[in-house]
Amino acid sequence: MAAPPQLRALLVAVNALLRKRRYHAALAVLKGFRNGAVYGAKIRAPHALVMTFLFRNGSLQEKLWAILQATYMHSWNLAWFVFTYKGLRALQSRIQGKTYPAHAFLAAFLGGILVFGENNNINSQVKILPRWGCLGDRVRLCLGKKKKKHTKKTTQSWTNQTSLQENLVHGLPI
């Protein structure tokens with residue numbers, strides 16, 4: 001069954017819009033938000049399920065509610081971090097005309113403060129991941145698998161991890 005002409009015209013218009021370089025940064029920010037939300041849910045839901053049933057007391061309904069809350073908070077925080085990070089990177093690049101390594105550090109620092117600054121269980125667990133990632137990245141850097149110079153000072157765990165990821169050959173997965 002063929003698509004109606006209006007739908008085909010809409011698809012052509014949307015694809016033309018997506019191909020324009022002018023909108024690349026805005027679309028990258030939106031895509032980052034979506035990818036952060038999806039990744040946050042994919043990572044947190046199984047973890048929350050296992051940890052809640054192993055270590056939390058209460059009824060089944062309370063446990064399921066705790067799983068949903070933890071998954072939502074983690075997904076939301078990660079989505080907003082990626083949105084803030086990519087938005088600030090695009091803004092810095094536009095203002096200065098090109099991208100510098102310090103842009104990743106500054107964007108991650110501000111994103112980390114804005115999104116992960118609240119002290120709660122989810123953010124405490126989220127901060128552990130980059131610390132272990134930093135350790136692995138430092139090992140890779142010591143083995144000579146670096147592309148550019150990385151920053152040494154860990155002001156926030158996400159700042160360090162993100163800037164290290166930006167300077168490795170494989171880049172950020174989100």
# chains A, B, ... in the order shown; residues from 1 in each chain; ligands from 1
>>> select_by_dssp(residues="segment 19-166 of chain A", states="helix (DSSP H, G or I)", output="JSON, numbers by chain")
{"A": [19, 21, 22, 23, 24, 25, 26, 27, 28, 29, 30, 31, 32, 33, 34, 35, 36, 37, 38, 39, 40, 41, 42, 43, 44, 45, 46, 47, 48, 49, 50, 51, 52, 53, 54, 55, 60, 61, 62, 63, 64, 65, 66, 67, 68, 69, 70, 71, 72, 73, 74, 75, 76, 77, 78, 79, 80, 81, 82, 83, 84, 85, 86, 87, 88, 89, 90, 91, 92, 93, 94, 95, 96, 101, 102, 103, 104, 105, 106, 107, 108, 109, 110, 111, 112, 113, 114, 115, 116, 121, 122, 123, 124, 125, 126, 127, 128, 129, 130, 131, 132, 133, 134, 135, 136, 137, 138, 139, 140, 141, 142, 157, 158, 159, 160, 161, 162, 163, 164, 165, 166]}
>>> atom_distance(atom1="atom CA of Val82 of chain A", atom2="atom CA of Gly36 of chain A")
6.1 Å
>>> atom_distance(atom1="atom CA of Ala41 of chain A", atom2="atom CA of Arg131 of chain A")
20.5 Å
>>> closest_residue(among="A:Leu110, A:Leu64, A:Val115, A:Leu49", to="Trp76 of chain A", atoms="only C-alpha atoms")
A:Val115
>>> atom_distance(atom1="atom CA of Arg89 of chain A", atom2="atom CA of Asn119 of chain A")
25.6 Å
>>> closest_residue(among="A:Ile128, A:Ala26, A:Ala3, A:Ile67", to="Phe83 of chain A", atoms="only C-alpha atoms")
A:Ala26
>>> residues_around(residues="His47 of chain A", least_positions_apart="6", cutoff="12 Å", atoms="only C-alpha atoms", output="JSON, numbers by chain")
{"A": [40, 41, 53, 54, 55, 66, 67, 68, 70, 71, 74, 122, 125, 126]}
>>> write_last_selection(atoms="C-alpha atoms", output="mmCIF file, in the first residue's frame")
data_model
loop_
_atom_site.group_PDB
_atom_site.id
_atom_site.type_symbol
_atom_site.label_atom_id
_atom_site.label_comp_id
_atom_site.auth_asym_id
_atom_site.auth_seq_id
_atom_site.Cartn_x
_atom_site.Cartn_y
_atom_site.Cartn_z
ATOM 1 C CA GLY A 40 19.269 6.228 31.397
ATOM 2 C CA ALA A 41 16.143 4.062 31.412
ATOM 3 C CA PHE A 53 14.051 -6.751 45.329
ATOM 4 C CA LEU A 54 17.316 -7.693 47.030
ATOM 5 C CA PHE A 55 17.627 -4.901 49.578
ATOM 6 C CA ALA A 66 10.576 2.728 43.885
ATOM 7 C CA ILE A 67 11.847 1.093 40.688
ATOM 8 C CA LEU A 68 9.818 3.491 38.545
ATOM 9 C CA ALA A 70 14.653 5.520 40.334
ATOM 10 C CA THR A 71 14.398 4.796 36.610
ATOM 11 C CA HIS A 74 18.104 8.559 36.364
ATOM 12 C CA ILE A 122 20.577 8.215 42.249
ATOM 13 C CA GLN A 125 25.404 6.199 42.167
ATOM 14 C CA VAL A 126 25.664 8.107 38.891
#
>>> decode(residues="segment 97-112 of chain A", atoms="C-alpha atoms", output="mmCIF file, in the first residue's frame")
data_model
loop_
_atom_site.group_PDB
_atom_site.id
_atom_site.type_symbol
_atom_site.label_atom_id
_atom_site.label_comp_id
_atom_site.auth_asym_id
_atom_site.auth_seq_id
_atom_site.Cartn_x
_atom_site.Cartn_y
_atom_site.Cartn_z
ATOM 1 C CA GLY A 97 34.019 29.814 15.672
ATOM 2 C CA LYS A 98 35.524 26.395 16.343
ATOM 3 C CA THR A 99 35.741 23.741 19.047
ATOM 4 C CA TYR A 100 38.502 23.682 21.659
ATOM 5 C CA PRO A 101 39.288 20.888 24.179
ATOM 6 C CA ALA A 102 38.378 23.190 27.070
ATOM 7 C CA HIS A 103 34.809 23.367 25.743
ATOM 8 C CA ALA A 104 34.150 19.770 26.771
ATOM 9 C CA PHE A 105 35.505 20.439 30.252
ATOM 10 C CA LEU A 106 33.471 23.605 30.783
ATOM 11 C CA ALA A 107 30.240 22.157 29.358
ATOM 12 C CA ALA A 108 30.538 19.001 31.458
ATOM 13 C CA PHE A 109 31.404 21.003 34.560
ATOM 14 C CA LEU A 110 28.354 23.242 34.253
ATOM 15 C CA GLY A 111 26.102 20.338 33.264
ATOM 16 C CA GLY A 112 27.338 18.312 36.219
#
